$ cat target00.txt   # compact mmCIF, C-alpha atoms (C1' of nucleotides)
# COMPACT_ATOMS: atom_id res chain seq x y z
CA MET B 20 82.28 92.33 96.09
CA THR B 21 83.61 89.39 94.12
CA LEU B 22 85.24 89.47 90.70
CA ASP B 23 82.18 87.81 89.22
CA GLU B 24 79.86 90.45 90.65
CA ALA B 25 82.11 93.20 89.33
CA TRP B 26 82.16 91.74 85.82
CA ARG B 27 78.43 91.26 85.87
CA ILE B 28 77.93 94.95 86.66
CA LEU B 29 80.38 95.96 83.93
CA GLN B 30 78.72 93.69 81.39
CA GLU B 31 75.26 95.01 82.25
CA ARG B 32 76.48 98.51 81.50
CA GLN B 33 78.20 97.37 78.29
CA PHE B 34 81.73 98.01 79.45
CA LYS B 35 84.29 95.96 77.57
CA ARG B 36 86.38 93.24 79.10
CA THR B 37 89.96 94.42 78.67
CA LYS B 38 93.26 93.12 79.99
CA ASN B 39 93.80 96.31 81.96
CA ARG B 40 90.46 96.05 83.73
CA GLU B 41 91.12 92.42 84.53
CA THR B 42 94.48 93.30 86.05
CA ILE B 43 93.06 96.17 88.11
CA LEU B 44 90.15 94.15 89.47
CA GLU B 45 92.38 91.20 90.32
CA PHE B 46 94.70 93.52 92.21
CA PHE B 47 91.86 94.89 94.32
CA SER B 48 90.37 91.45 94.80
CA ASP B 49 93.69 90.15 96.11
CA ASN B 50 94.30 93.16 98.37
CA ASP B 51 91.59 93.79 100.88
CA ARG B 52 92.58 97.34 101.73
CA TYR B 53 92.74 100.94 100.50
CA LEU B 54 95.18 101.40 97.62
CA THR B 55 96.44 104.43 95.72
CA ALA B 56 96.57 104.94 91.95
CA MET B 57 100.34 104.71 92.23
CA GLU B 58 100.17 101.30 93.87
CA VAL B 59 97.88 100.14 91.09
CA ARG B 60 100.29 101.52 88.51
CA ASN B 61 103.28 99.81 90.07
CA PHE B 62 101.46 96.50 90.07
CA MET B 63 100.34 96.86 86.46
CA ALA B 64 103.76 98.02 85.26
CA ALA B 65 105.07 94.50 85.93
CA ASP B 66 103.61 93.14 82.71
CA ASN B 67 102.72 96.46 81.07
CA PRO B 68 105.43 99.08 81.64
CA GLY B 69 103.74 101.58 79.31
CA ILE B 70 100.48 101.68 81.29
CA SER B 71 98.99 105.17 81.22
CA PHE B 72 97.72 107.09 84.23
CA ASP B 73 94.82 108.10 82.08
CA THR B 74 93.77 104.49 81.85
CA ILE B 75 94.21 103.90 85.57
CA TYR B 76 92.30 106.95 86.78
CA ARG B 77 89.56 106.55 84.18
CA ASN B 78 88.94 102.98 85.26
CA LEU B 79 89.21 103.65 88.98
CA THR B 80 86.69 106.47 88.63
CA THR B 81 84.36 104.30 86.57
CA PHE B 82 84.56 101.43 89.06
CA SER B 83 83.92 103.84 91.90
CA GLU B 84 80.86 105.30 90.17
CA LEU B 85 79.50 101.81 89.51
CA GLY B 86 79.89 100.87 93.19
CA ILE B 87 82.53 98.25 92.44
CA LEU B 88 85.14 100.18 94.39
CA GLU B 89 84.72 102.56 97.29
CA GLU B 90 86.84 105.62 97.61
CA THR B 91 88.22 107.94 100.27
CA GLU B 92 90.80 110.66 100.50
CA LEU B 93 93.77 110.36 102.82
CA ASN B 94 96.47 113.04 103.00
CA GLY B 95 95.28 114.63 99.78
CA GLU B 96 95.51 111.36 97.87
CA ARG B 97 92.62 109.29 96.54
CA HIS B 98 92.46 105.76 97.93
CA PHE B 99 90.34 102.92 96.59
CA ARG B 100 89.29 99.52 97.85
CA MET B 101 86.92 96.78 96.77
CA GLN B 102 83.37 97.57 97.84
CA CYS B 103 82.64 95.61 101.00
CA ASP B 104 79.34 94.53 102.54
CA HIS B 105 77.52 94.61 99.22
CA GLY B 106 76.76 98.29 99.47
CA VAL B 107 75.17 98.21 102.92
CA HIS B 108 75.91 101.50 104.65
CA HIS B 109 78.89 101.32 106.98
CA HIS B 110 82.00 103.17 108.07
CA HIS B 111 85.65 102.25 108.48
CA PHE B 112 88.55 102.16 110.79
CA ILE B 113 91.50 102.68 108.41
CA CYS B 114 95.05 101.63 109.22
CA THR B 115 97.36 104.53 108.36
CA ALA B 116 100.24 102.13 107.91
CA CYS B 117 98.88 99.41 105.64
CA GLY B 118 95.48 100.69 104.48
CA LYS B 119 93.56 97.72 105.91
CA THR B 120 90.09 98.47 107.18
CA GLN B 121 87.76 97.32 109.91
CA ASN B 122 84.05 97.87 109.51
CA ILE B 123 82.20 100.12 111.96
CA ALA B 124 78.54 99.24 112.05
CA HIS B 125 77.52 102.31 114.04
CA CYS B 126 76.52 105.28 111.89
CA PRO B 127 76.60 108.60 113.77
CA MET B 128 73.88 110.10 111.58
CA GLU B 129 71.30 108.17 113.57
CA SER B 130 72.27 110.15 116.66
CA VAL B 131 72.37 113.56 115.00
CA SER B 132 68.92 114.84 115.74
CA VAL B 133 70.33 118.25 116.50
CA ASN B 134 69.71 121.59 114.99
CA LEU B 135 69.88 120.71 111.31
CA LYS B 136 66.38 121.92 110.56
CA GLY B 137 66.44 123.95 107.38
CA TYR B 138 69.68 122.28 106.35
CA GLU B 139 69.83 120.00 103.32
CA VAL B 140 72.08 117.05 104.11
CA GLU B 141 73.88 115.63 101.07
CA GLY B 142 76.31 113.23 102.69
CA HIS B 143 78.63 112.54 105.56
CA LYS B 144 81.97 111.03 106.39
CA PHE B 145 82.97 109.13 109.49
CA GLU B 146 86.36 107.47 109.60
CA ILE B 147 88.64 106.36 112.41
CA TYR B 148 92.37 106.39 111.77
CA GLY B 149 95.13 104.48 113.51
CA LYS B 150 97.14 101.28 113.46
CA CYS B 151 95.66 97.80 113.03
CA PRO B 152 96.79 95.00 115.39
CA VAL B 153 99.31 93.69 112.84
CA CYS B 154 100.94 97.11 112.40
CA VAL B 155 100.82 97.85 116.15
CA ALA B 156 102.95 94.74 116.72
CA GLN B 157 105.67 95.98 114.36
CA MET A 22 88.78 132.61 118.60
CA THR A 23 89.14 136.37 118.55
CA LEU A 24 91.90 138.40 116.94
CA ASP A 25 93.22 139.30 120.37
CA GLU A 26 93.44 135.68 121.40
CA ALA A 27 95.22 134.80 118.17
CA TRP A 28 97.79 137.57 118.62
CA ARG A 29 98.35 136.58 122.23
CA ILE A 30 99.19 133.02 121.14
CA LEU A 31 101.51 134.30 118.41
CA GLN A 32 103.24 136.69 120.79
CA GLU A 33 103.73 133.96 123.40
CA ARG A 34 105.50 131.85 120.80
CA GLN A 35 107.55 134.85 119.63
CA PHE A 36 106.06 135.09 116.19
CA LYS A 37 106.41 138.53 114.66
CA ARG A 38 103.52 140.82 113.93
CA THR A 39 103.64 141.34 110.18
CA LYS A 40 101.26 143.02 107.78
CA ASN A 41 100.62 139.73 106.01
CA ARG A 42 99.64 137.97 109.21
CA GLU A 43 97.38 140.84 110.16
CA THR A 44 95.64 140.65 106.80
CA ILE A 45 95.20 136.88 106.95
CA LEU A 46 93.81 136.89 110.47
CA GLU A 47 91.44 139.74 109.72
CA PHE A 48 90.14 137.85 106.71
CA PHE A 49 89.39 134.76 108.79
CA SER A 50 87.96 136.84 111.58
CA ASP A 51 85.56 138.53 109.15
CA ASN A 52 84.58 135.28 107.41
CA ASP A 53 83.15 132.68 109.73
CA ARG A 54 83.54 129.73 107.36
CA TYR A 55 85.99 127.38 105.66
CA LEU A 56 88.25 129.16 103.16
CA THR A 57 90.86 127.96 100.68
CA ALA A 58 94.40 129.24 100.24
CA MET A 59 93.27 130.69 96.90
CA GLU A 60 90.51 132.71 98.55
CA VAL A 61 93.04 134.06 101.01
CA ARG A 62 95.40 134.93 98.17
CA ASN A 63 92.69 136.75 96.21
CA PHE A 64 91.80 138.80 99.25
CA MET A 65 95.42 139.69 100.00
CA ALA A 66 96.22 140.50 96.38
CA ALA A 67 93.98 143.57 96.67
CA ASP A 68 96.65 145.58 98.46
CA ASN A 69 99.60 143.25 97.83
CA PRO A 70 99.51 141.83 94.29
CA GLY A 71 102.92 140.17 94.70
CA ILE A 72 101.89 138.06 97.69
CA SER A 73 103.64 134.68 97.62
CA PHE A 74 101.93 131.32 98.05
CA ASP A 75 104.86 130.34 100.19
CA THR A 76 103.88 133.06 102.63
CA ILE A 77 100.22 132.07 102.60
CA TYR A 78 100.73 128.34 103.10
CA ARG A 79 103.48 128.82 105.66
CA ASN A 80 101.26 131.05 107.77
CA LEU A 81 98.12 128.95 107.35
CA THR A 82 100.06 125.88 108.44
CA THR A 83 101.57 127.74 111.39
CA PHE A 84 98.17 129.06 112.49
CA SER A 85 96.69 125.59 112.16
CA GLU A 86 99.45 124.05 114.28
CA LEU A 87 98.98 126.71 116.95
CA GLY A 88 95.24 126.01 117.08
CA ILE A 89 94.33 129.45 115.78
CA LEU A 90 92.79 127.94 112.67
CA GLU A 91 91.20 124.55 112.14
CA GLU A 92 91.64 122.65 108.95
CA THR A 93 89.88 120.08 106.81
CA GLU A 94 90.17 118.68 103.33
CA LEU A 95 87.32 119.02 100.83
CA ASN A 96 87.64 117.74 97.27
CA GLY A 97 91.38 117.40 97.58
CA GLU A 98 91.81 120.99 98.70
CA ARG A 99 92.81 122.24 102.15
CA HIS A 100 90.24 124.47 103.82
CA PHE A 101 90.79 126.62 106.88
CA ARG A 102 88.57 128.47 109.28
CA MET A 103 88.97 130.32 112.55
CA GLN A 104 89.07 127.92 115.49
CA CYS A 105 85.65 127.83 117.10
CA ASP A 106 84.57 126.78 120.58
CA HIS A 107 87.98 127.52 122.05
CA GLY A 108 89.36 124.10 121.16
CA VAL A 109 86.59 122.06 122.77
CA HIS A 110 86.13 118.85 120.78
CA HIS A 111 83.33 119.11 118.23
CA HIS A 112 82.37 118.27 114.66
CA HIS A 113 80.88 120.21 111.78
CA PHE A 114 78.11 120.36 109.28
CA ILE A 115 79.81 122.06 106.32
CA CYS A 116 77.92 123.89 103.59
CA THR A 117 79.28 122.73 100.23
CA ALA A 118 78.14 125.99 98.63
CA CYS A 119 79.47 128.69 100.95
CA GLY A 120 81.73 126.88 103.42
CA LYS A 121 79.74 127.99 106.48
CA THR A 122 79.63 125.54 109.34
CA GLN A 123 77.25 124.41 112.04
CA ASN A 124 78.63 122.75 115.14
CA ILE A 125 77.67 119.18 115.94
CA ALA A 126 78.07 118.49 119.62
CA HIS A 127 77.65 114.73 119.30
CA CYS A 128 80.92 112.82 118.84
CA PRO A 129 80.46 109.32 117.41
CA MET A 130 83.58 108.02 119.12
CA GLU A 131 81.64 107.78 122.36
CA SER A 132 79.38 105.17 120.78
CA VAL A 133 82.11 103.14 119.14
CA SER A 134 82.73 100.49 121.74
CA VAL A 135 82.96 97.84 119.04
CA ASN A 136 85.69 95.50 118.05
CA LEU A 137 88.64 97.89 118.12
CA LYS A 138 90.53 95.90 120.73
CA GLY A 139 94.14 95.63 119.66
CA TYR A 140 93.75 98.67 117.42
CA GLU A 141 95.60 101.89 118.16
CA VAL A 142 93.30 104.83 117.47
CA GLU A 143 95.12 107.98 116.34
CA GLY A 144 92.25 110.17 115.26
CA HIS A 145 88.90 110.39 113.59
CA LYS A 146 86.86 112.53 111.24
CA PHE A 147 83.13 113.13 111.28
CA GLU A 148 81.68 115.70 108.94
CA ILE A 149 78.23 116.26 107.47
CA TYR A 150 78.00 117.89 104.06
CA GLY A 151 75.12 119.74 102.45
CA LYS A 152 73.51 123.12 102.00
CA CYS A 153 72.91 125.60 104.81
CA PRO A 154 69.48 127.29 105.07
CA VAL A 155 70.73 130.40 103.26
CA CYS A 156 72.06 128.39 100.31
CA VAL A 157 69.00 126.11 100.24
CA ALA A 158 66.87 129.20 99.69
CA GLN A 159 68.84 130.20 96.59
C1' DG F 7 120.18 153.48 115.00
C1' DT F 8 122.16 148.66 114.61
C1' DG F 9 122.45 143.63 114.48
C1' DT F 10 120.26 139.36 113.97
C1' DA F 11 117.07 136.15 113.03
C1' DA F 12 112.50 135.71 111.14
C1' DA F 13 109.61 136.60 107.34
C1' DT F 14 108.95 137.55 102.67
C1' DA F 15 108.94 137.84 97.32
C1' DG F 16 109.62 135.79 93.23
C1' DT F 17 110.03 131.87 91.05
C1' DA F 18 110.85 127.08 90.25
C1' DA F 19 109.86 122.33 91.43
C1' DC F 20 106.86 118.90 92.90
C1' DG F 21 103.18 115.16 93.19
C1' DA F 22 98.62 113.88 92.06
C1' DT F 23 95.30 114.18 88.67
C1' DT F 24 93.19 115.30 84.22
C1' DA F 25 93.16 116.14 79.26
C1' DC F 26 94.39 115.24 74.53
C1' DG F 27 95.08 113.33 69.65
C1' DA F 28 96.61 109.28 67.52
C1' DT F 29 96.39 104.41 67.70
C1' DT F 30 94.71 99.90 69.11
C1' DA F 31 91.44 96.45 70.69
C1' DC F 32 86.88 94.68 71.77
C1' DT F 33 82.49 93.07 70.21
C1' DA F 34 78.27 92.98 67.47
C1' DG F 35 76.56 91.97 63.00
C1' DT F 36 77.17 89.90 58.88
C1' DA Q 2 86.07 84.42 60.33
C1' DC Q 3 85.80 89.43 58.55
C1' DT Q 4 84.71 93.91 59.03
C1' DA Q 5 82.87 98.18 60.81
C1' DG Q 6 82.21 101.07 64.48
C1' DT Q 7 82.97 102.48 68.84
C1' DA Q 8 85.26 102.02 73.24
C1' DA Q 9 89.61 101.84 75.38
C1' DT Q 10 94.27 102.73 75.39
C1' DC Q 11 98.99 104.89 74.91
C1' DG Q 12 102.15 108.50 75.25
C1' DT Q 13 102.59 112.75 76.54
C1' DA Q 14 101.54 117.34 77.98
C1' DA Q 15 98.85 120.34 80.78
C1' DT Q 16 96.70 121.50 85.01
C1' DC Q 17 95.99 122.20 89.93
C1' DG Q 18 97.25 122.59 94.63
C1' DT Q 19 101.15 122.65 97.35
C1' DT Q 20 106.01 122.92 98.74
C1' DA Q 21 110.85 124.38 98.26
C1' DC Q 22 114.58 127.59 97.26
C1' DT Q 23 117.59 131.80 97.47
C1' DA Q 24 118.14 136.55 97.73
C1' DT Q 25 116.19 140.36 99.93
C1' DT Q 26 113.49 142.79 103.33
C1' DT Q 27 111.43 143.44 107.82
C1' DA Q 28 110.40 143.23 112.84
C1' DC Q 29 112.15 143.77 117.13
C1' DA Q 30 115.55 143.51 121.05
C1' DC Q 31 119.40 145.96 122.46
$ encode --input "target00.txt" --output "structure tokens"
Amino acid sequence: MTLDEAWRILQERQFKRTKNRETILEFFSDNDRYLTAMEVRNFMAADNPGISFDTIYRNLTTFSELGILEETELNGERHFRMQCDHGVHHHHFICTACGKTQNIAHCPMESVSVNLKGYEVEGHKFEIYGKCPVCVAQ
Amino acid sequence: MTLDEAWRILQERQFKRTKNRETILEFFSDNDRYLTAMEVRNFMAADNPGISFDTIYRNLTTFSELGILEETELNGERHFRMQCDHGVHHHHFICTACGKTQNIAHCPMESVSVNLKGYEVEGHKFEIYGKCPVCVAQ
DNA sequence: GTGTAAATAGTAACGATTACGATTACTAGT
DNA sequence: ACTAGTAATCGTAATCGTTACTATTTACAC
């Protein structure tokens, strides 16, 4: 997901172009990994010390709902990253040290033929956790 | 995991047999599904209104570390259930309505040969969410 | 029974997230 | 460019789940 694509989506849905949204999207665009609301806040506080958590969470949630960001939960904390692969279904290896991800093409749902008759599947989660090569070396 | 097995593990590690622990383990033994700390509290409050969250979380964490309970995180909330399959590696379908689970024998890690060279894998999570047959019918 | 360490109650603190009323800023229409 | 109307924001407080603390009680070995 590029900045231009993100803004196009926002414009289509009549969201306004604000300084805060520009800052947030730039931050995600420049950091290709999972980030927390606190990391976003710290970045934004540089030129806007009074930034409100309300603003941050509201926008992160909006972006996530629009498919601009993708979201996961690590250690009870929401993490966000720029949507990758243009929405094509995929899974992630996630580095527990730096938040960087590596795409996993294989989706286990294809292999789950098992006894789920009568069950109504709503979603699934497959994530691998560990250290990326850069963090292993440190 | 039966109550007897749980108590054997606790005794081996010199944990004391207290009324609170008995109540907690009975509750999990009688409810074959994922439960929250709040559900445990509500159950215990029946005959012990002054039960402390400290006590509940401390014991749930202990039981989880000893492999008596297994644990997952749903919607930012810790959920616990009695260890099933005697610790053999498996995954779960989890009913988002009642917390009941269905074992999934297939582990996707076996199929992930892909580009994870140089990566240090620490763990993984594979869960399927939806409604179980009982909850579908309602 | 008694001593000792573990376990608990009661309550306060904590971090992440959400909610709120008052104010400000964006944008469409003139 | 000006203005109106609505969206977005600020500042702050409330909420939720969880953890931490100290004084007291309890389980269990002797």
$ calpha_fit_and_write --input "target00.txt" --fixed "chain A" --moving "chain B" --output "JSON list (two decimals) with C-alpha atoms, keeping the file's coordinate frame"
[["chain", "number", "residue", "atom", "x", "y", "z"],
["B", 20, "MET", "CA", 88.85, 132.53, 118.62],
["B", 21, "THR", "CA", 89.21, 136.29, 118.61],
["B", 22, "LEU", "CA", 91.96, 138.33, 116.99],
["B", 23, "ASP", "CA", 93.30, 139.21, 120.42],
["B", 24, "GLU", "CA", 93.53, 135.56, 121.44],
["B", 25, "ALA", "CA", 95.29, 134.72, 118.19],
["B", 26, "TRP", "CA", 97.87, 137.47, 118.65],
["B", 27, "ARG", "CA", 98.44, 136.47, 122.23],
["B", 28, "ILE", "CA", 99.26, 132.91, 121.14],
["B", 29, "LEU", "CA", 101.57, 134.19, 118.40],
["B", 30, "GLN", "CA", 103.34, 136.55, 120.79],
["B", 31, "GLU", "CA", 103.81, 133.81, 123.38],
["B", 32, "ARG", "CA", 105.57, 131.72, 120.77],
["B", 33, "GLN", "CA", 107.65, 134.70, 119.59],
["B", 34, "PHE", "CA", 106.10, 134.97, 116.17],
["B", 35, "LYS", "CA", 106.45, 138.42, 114.66],
["B", 36, "ARG", "CA", 103.59, 140.75, 113.98],
["B", 37, "THR", "CA", 103.66, 141.30, 110.23],
["B", 38, "LYS", "CA", 101.27, 143.00, 107.84],
["B", 39, "ASN", "CA", 100.62, 139.73, 106.06],
["B", 40, "ARG", "CA", 99.64, 137.93, 109.24],
["B", 41, "GLU", "CA", 97.38, 140.79, 110.22],
["B", 42, "THR", "CA", 95.64, 140.65, 106.85],
["B", 43, "ILE", "CA", 95.20, 136.87, 106.98],
["B", 44, "LEU", "CA", 93.82, 136.85, 110.52],
["B", 45, "GLU", "CA", 91.45, 139.72, 109.78],
["B", 46, "PHE", "CA", 90.15, 137.85, 106.76],
["B", 47, "PHE", "CA", 89.38, 134.75, 108.81],
["B", 48, "SER", "CA", 87.95, 136.81, 111.64],
["B", 49, "ASP", "CA", 85.56, 138.52, 109.23],
["B", 50, "ASN", "CA", 84.56, 135.29, 107.47],
["B", 51, "ASP", "CA", 83.13, 132.67, 109.74],
["B", 52, "ARG", "CA", 83.52, 129.76, 107.36],
["B", 53, "TYR", "CA", 85.98, 127.41, 105.64],
["B", 54, "LEU", "CA", 88.22, 129.20, 103.15],
["B", 55, "THR", "CA", 90.82, 128.01, 100.66],
["B", 56, "ALA", "CA", 94.38, 129.30, 100.20],
["B", 57, "MET", "CA", 93.23, 130.76, 96.90],
["B", 58, "GLU", "CA", 90.48, 132.77, 98.56],
["B", 59, "VAL", "CA", 93.02, 134.09, 101.03],
["B", 60, "ARG", "CA", 95.36, 134.98, 98.18],
["B", 61, "ASN", "CA", 92.66, 136.81, 96.25],
["B", 62, "PHE", "CA", 91.77, 138.84, 99.31],
["B", 63, "MET", "CA", 95.39, 139.72, 100.05],
["B", 64, "ALA", "CA", 96.19, 140.56, 96.43],
["B", 65, "ALA", "CA", 93.95, 143.63, 96.76],
["B", 66, "ASP", "CA", 96.63, 145.62, 98.56],
["B", 67, "ASN", "CA", 99.57, 143.29, 97.90],
["B", 68, "PRO", "CA", 99.49, 141.90, 94.35],
["B", 69, "GLY", "CA", 102.91, 140.25, 94.74],
["B", 70, "ILE", "CA", 101.86, 138.09, 97.71],
["B", 71, "SER", "CA", 103.58, 134.71, 97.57],
["B", 72, "PHE", "CA", 101.89, 131.35, 98.00],
["B", 73, "ASP", "CA", 104.83, 130.39, 100.12],
["B", 74, "THR", "CA", 103.87, 133.06, 102.60],
["B", 75, "ILE", "CA", 100.21, 132.08, 102.57],
["B", 76, "TYR", "CA", 100.70, 128.34, 103.04],
["B", 77, "ARG", "CA", 103.47, 128.80, 105.60],
["B", 78, "ASN", "CA", 101.26, 131.02, 107.72],
["B", 79, "LEU", "CA", 98.12, 128.94, 107.31],
["B", 80, "THR", "CA", 100.05, 125.85, 108.38],
["B", 81, "THR", "CA", 101.56, 127.67, 111.34],
["B", 82, "PHE", "CA", 98.18, 129.00, 112.46],
["B", 83, "SER", "CA", 96.69, 125.55, 112.11],
["B", 84, "GLU", "CA", 99.46, 123.98, 114.20],
["B", 85, "LEU", "CA", 99.00, 126.62, 116.89],
["B", 86, "GLY", "CA", 95.25, 125.92, 117.06],
["B", 87, "ILE", "CA", 94.35, 129.37, 115.76],
["B", 88, "LEU", "CA", 92.79, 127.90, 112.64],
["B", 89, "GLU", "CA", 91.19, 124.52, 112.10],
["B", 90, "GLU", "CA", 91.63, 122.66, 108.89],
["B", 91, "THR", "CA", 89.84, 120.10, 106.75],
["B", 92, "GLU", "CA", 90.13, 118.73, 103.26],
["B", 93, "LEU", "CA", 87.30, 119.05, 100.78],
["B", 94, "ASN", "CA", 87.59, 117.78, 97.20],
["B", 95, "GLY", "CA", 91.35, 117.45, 97.50],
["B", 96, "GLU", "CA", 91.76, 121.05, 98.62],
["B", 97, "ARG", "CA", 92.77, 122.26, 102.07],
["B", 98, "HIS", "CA", 90.20, 124.48, 103.76],
["B", 99, "PHE", "CA", 90.76, 126.61, 106.84],
["B", 100, "ARG", "CA", 88.54, 128.46, 109.28],
["B", 101, "MET", "CA", 88.96, 130.30, 112.56],
["B", 102, "GLN", "CA", 89.06, 127.87, 115.47],
["B", 103, "CYS", "CA", 85.63, 127.82, 117.06],
["B", 104, "ASP", "CA", 84.53, 126.81, 120.56],
["B", 105, "HIS", "CA", 87.93, 127.53, 122.06],
["B", 106, "GLY", "CA", 89.29, 124.12, 121.19],
["B", 107, "VAL", "CA", 86.50, 122.09, 122.77],
["B", 108, "HIS", "CA", 86.05, 118.91, 120.76],
["B", 109, "HIS", "CA", 83.25, 119.13, 118.22],
["B", 110, "HIS", "CA", 82.33, 118.29, 114.65],
["B", 111, "HIS", "CA", 80.82, 120.21, 111.76],
["B", 112, "PHE", "CA", 78.10, 120.34, 109.25],
["B", 113, "ILE", "CA", 79.81, 122.05, 106.28],
["B", 114, "CYS", "CA", 77.92, 123.87, 103.54],
["B", 115, "THR", "CA", 79.31, 122.73, 100.19],
["B", 116, "ALA", "CA", 78.18, 125.95, 98.59],
["B", 117, "CYS", "CA", 79.46, 128.68, 100.91],
["B", 118, "GLY", "CA", 81.72, 126.88, 103.40],
["B", 119, "LYS", "CA", 79.70, 127.97, 106.45],
["B", 120, "THR", "CA", 79.59, 125.52, 109.31],
["B", 121, "GLN", "CA", 77.19, 124.40, 111.99],
["B", 122, "ASN", "CA", 78.56, 122.76, 115.10],
["B", 123, "ILE", "CA", 77.62, 119.15, 115.90],
["B", 124, "ALA", "CA", 77.98, 118.48, 119.58],
["B", 125, "HIS", "CA", 77.59, 114.72, 119.26],
["B", 126, "CYS", "CA", 80.87, 112.86, 118.83],
["B", 127, "PRO", "CA", 80.45, 109.34, 117.41],
["B", 128, "MET", "CA", 83.57, 108.07, 119.16],
["B", 129, "GLU", "CA", 81.59, 107.83, 122.38],
["B", 130, "SER", "CA", 79.37, 105.21, 120.76],
["B", 131, "VAL", "CA", 82.15, 103.18, 119.16],
["B", 132, "SER", "CA", 82.72, 100.53, 121.76],
["B", 133, "VAL", "CA", 83.05, 97.93, 119.06],
["B", 134, "ASN", "CA", 85.82, 95.62, 118.15],
["B", 135, "LEU", "CA", 88.75, 98.02, 118.26],
["B", 136, "LYS", "CA", 90.63, 96.07, 120.88],
["B", 137, "GLY", "CA", 94.26, 95.82, 119.86],
["B", 138, "TYR", "CA", 93.85, 98.84, 117.61],
["B", 139, "GLU", "CA", 95.66, 102.09, 118.34],
["B", 140, "VAL", "CA", 93.34, 104.99, 117.59],
["B", 141, "GLU", "CA", 95.14, 108.15, 116.47],
["B", 142, "GLY", "CA", 92.24, 110.31, 115.34],
["B", 143, "HIS", "CA", 88.90, 110.47, 113.63],
["B", 144, "LYS", "CA", 86.87, 112.58, 111.28],
["B", 145, "PHE", "CA", 83.14, 113.14, 111.29],
["B", 146, "GLU", "CA", 81.68, 115.71, 108.93],
["B", 147, "ILE", "CA", 78.24, 116.23, 107.43],
["B", 148, "TYR", "CA", 78.03, 117.86, 104.02],
["B", 149, "GLY", "CA", 75.14, 119.68, 102.40],
["B", 150, "LYS", "CA", 73.53, 123.07, 101.94],
["B", 151, "CYS", "CA", 72.89, 125.56, 104.74],
["B", 152, "PRO", "CA", 69.45, 127.24, 104.99],
["B", 153, "VAL", "CA", 70.70, 130.36, 103.19],
["B", 154, "CYS", "CA", 72.07, 128.35, 100.24],
["B", 155, "VAL", "CA", 69.01, 126.06, 100.16],
["B", 156, "ALA", "CA", 66.85, 129.14, 99.57],
["B", 157, "GLN", "CA", 68.86, 130.17, 96.51]]
$ residues_around --input "target00.txt" --residues "region 137-142 of chain B" --least-positions-apart "3" --cutoff "10 Å" --atoms "all atoms listed in the file" --output "PyMOL selection string"
(chain B and resi 128+134) or (chain A and resi 114-117+123+148-158)
$ atom_distance --input "target00.txt" --atom1 "CA of Cys105 (chain A)" --atom2 "CA of Arg54 (chain A)"
10.1 Å
$ residues_around --input "target00.txt" --residues "Glu92 (chain A)" --least-positions-apart "3" --cutoff "8 Å" --atoms "only C-alpha atoms (C1' of nucleotides)" --output "VMD selection string"
chain A and resid 85 99 to 102
$ interface_residues --input "target00.txt" --of "chain F" --to "chain B" --cutoff "9 Å" --atoms "only C-alpha atoms (C1' of nucleotides)" --output "PyMOL selection string"
chain F and resi 22-25+31-33
$ residues_around --input "target00.txt" --residues "Gln35 (chain A)" --least-positions-apart "3" --cutoff "12 Å" --atoms "all atoms listed in the file" --output "PyMOL selection string"
(chain A and resi 28-32+38) or (chain F and resi 11-12) or (chain Q and resi 28-30)
$ closest_atom_pairs --input "target00.txt" --of "chain Q" --to "chain B" --cutoff "8 Å" --atoms "all atoms listed in the file" --output "CSV"
residue,atom,partner,partner_atom,distance
Q:DA8,C1',B:Lys35,CA,7.5
Q:DT10,C1',B:Thr74,CA,6.7
Q:DC11,C1',B:Ser71,CA,6.3
Q:DG12,C1',B:Ser71,CA,7.5
$ atom_distance --input "target00.txt" --atom1 "CA of Met63 (chain B)" --atom2 "CA of Asn94 (chain B)"
23.5 Å
$ atom_distance --input "target00.txt" --atom1 "CA of Thr120 (chain B)" --atom2 "CA of Ala64 (chain B)"
25.8 Å
$ closest_residue --input "target00.txt" --among "A:Glu86, A:Glu94, A:Asp106, A:Asp53" --to "chain B" --atoms "all atoms listed in the file"
A:Glu94
$ axis_aligned_box --input "target00.txt" --around "region 128-147 of chain B" --padding-each-side "5 Å" --output "AutoDock Vina command-line options"
--center_x 77.5 --center_y 115.2 --center_z 108.9 --size_x 32.3 --size_y 27.6 --size_z 25.6
$ closest_residue --input "target00.txt" --among "A:Asp68, A:Glu26, A:Asp51, A:Glu131" --to "chain B" --atoms "all atoms listed in the file"
A:Glu131
